[in-house]
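In what follows, a structure is listed as structure tokens, so that the remarks can point back to it.
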Amino acid sequence: MELESERLRGFAVASGVHVSAAREKQAVERAGVGVPGEHDDDLFGQGSGREQSAAVAFIRLFRVGRDDDLHGLKCAFGADGAARGARGGDYRDDMRIAPRVVVTGMGARTAFGRGVEAFWEGALSGRSAIRPVTRFDTGRFHARHAALIDALDEQGDEGTERETLFARDAAEEALGALAALAARPPFGGARSGIAVGTTLAGNGPLTEWLASRATGVERLSRGETGALARNLAARHGARGPVSTVSVACASGAAALGLGAEWIRTGDADLVLAGGVDAISPFVFSGFDALRALSTTAARPFDVARDGLTLGEGAGFLLLEEEEHARRRGAVILARVAGYGSGSDAHHMTRPDPEGRGLVRAIEAALLRAGRTASDVGFVSAHGTGTTFNDAMEEAALAHVLGALARTVPVNGIKGAIGHTLGAAGALEAILSVLVLVRQLVPPTAGHAASRADSPLAVVSGRRLVPARPVVVALSTSAAFGGTNAALVLESAESA
């Protein structure tokens, strides 16, 4: 298969045609192109009009990019199905031969306190930060508990939204890695980007404004969802790509995937990526009305689980290209090796019981990372503690990991810090990096015992020293509306 470039309205477009026989199916799959298989397009058991055994006859791949990326591009697929490029900027089918994206800074704000170390120590202890809610009246709700950040000692403008304060705190900690180097390229300018994931940021100011019947929109504009990324960009002078991602509870993971892609495609040298959300009475009442909340506390994957518990906070990671990090003498914590996304298209709030969307997300992330299920040494699971989500995730992980699912340690951090919504995927990625660096797996707070037939090795009771070094970590996210995301992270020492 040959890929050639042509000019199209100022862009360079790479395209290729591949005629496939059945024996070439594997190579096509390695290229990241779907091939017909049983029930691929039959999620609801309605039957498909497509002949499932038909071979792929025609595939066209496209890549649009800058002329200097694709000029003179020539790329062929080798015998193993991987794309072969002659030089940097050539077409790449996965992250193995693309610029490698690394993590060089992290910041967290959770109900355990300020900072990554407070988050890590709280997680390792097996404690839960879930407490009775005192910030607002819960008398009319079924649930009474959450993992909230009640002590705010940041210096901010009067009336600054909680999510803005959380985001500032976590972002500044993540960027502190830059300040630690004397000769450092500052974060800011046209080569620095920001990707923020959030689910319901700004709803607090909206409900307060509606309740007070105030006039004017200044307060509303400060709490508008997109203001988070915009304010961080203004605060730190980032003039590269800036985006707010909102895909429900997968927002934090999706923001990290987007930020990694900006690095990979050369659109930025440094990206601050993560997620943030704060809890308001409006958010609490919505989940309570759905009967999604536990009446006590979340117990991920536990046999007696009865719902999720809300939490709030922020998590941000500083991403950059590996050689860029080495040139400036940065400490590399881990690599973001792969990202994948897949949709259930099943139900507004209930996940596909078989977890097919999450399976596709995990498999896509592993493919892009050049990894297989046997490489995974730790799973930071979405683990909300609801009956449906945890069962779906058990099914998905069992499908991907097979028999290894019973040996790979799993943590569900939401039992400790609650479901932090748009921040969840980012905080779980931070936890994954810490497991790769510290080689310890925290216990799942609230988990006492799994179902007898559970396929997962959920770490419970006390911290675990893994039986084999953890080189690859998998972090999963699942969201209302059927959006699923997966991140594959690698140890900085891995080949």
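In the structure tokens, each chain is lettered A, B, ... as it comes, each chain's residues begin at 1, and ligands are numbered from 1 in order of appearance.
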
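Residues in contact with Val103 of chain A at 8 Å, where only C-alpha atoms are counted and same-chain residues fewer than 6 positions away are skipped, are listed as Leu317, Leu318, Leu319, Glu320, Ile332, Leu333, Ala334, Arg335 and Val336 of chain A.
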
Atoms kept (C-alpha atoms) for selection, written as a PDB file, in the first residue's frame:
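Saved the output as selection21.pdb:
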ATOM      1  CA  LEU A 317      -1.128  17.070  33.574  1.00  0.00           C
ATOM      2  CA  LEU A 318       1.608  18.884  31.690  1.00  0.00           C
ATOM      3  CA  LEU A 319       2.218  17.118  28.372  1.00  0.00           C
ATOM      4  CA  GLU A 320       5.056  17.557  25.910  1.00  0.00           C
ATOM      5  CA  ILE A 332       9.718  12.536  32.668  1.00  0.00           C
ATOM      6  CA  LEU A 333       7.102  10.871  34.844  1.00  0.00           C
ATOM      7  CA  ALA A 334       5.373   8.681  32.253  1.00  0.00           C
ATOM      8  CA  ARG A 335       4.224   8.531  28.637  1.00  0.00           C
ATOM      9  CA  VAL A 336       0.717   8.955  27.261  1.00  0.00           C
TER      10      VAL A 336
END

- Note on the structure: Here atom CA of Ala345 of chain A and atom CA of Ile194 of chain A stand apart by 29.0 Å

- Message: I'd like to know which of A:Gly418, A:Pro353, A:Gly446, A:Pro469 is closest to Phe301 of chain A, using only C-alpha atoms.
- Response: A:Gly446

- Task: In Å, rounded to a single decimal, give me how far atom CA of Glu393 of chain A is from atom CA of Val408 of chain A.
- Result: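 Answer for the atom CA of Val408 of chain A to atom CA of Glu393 of chain A separation: 14.2 Å.
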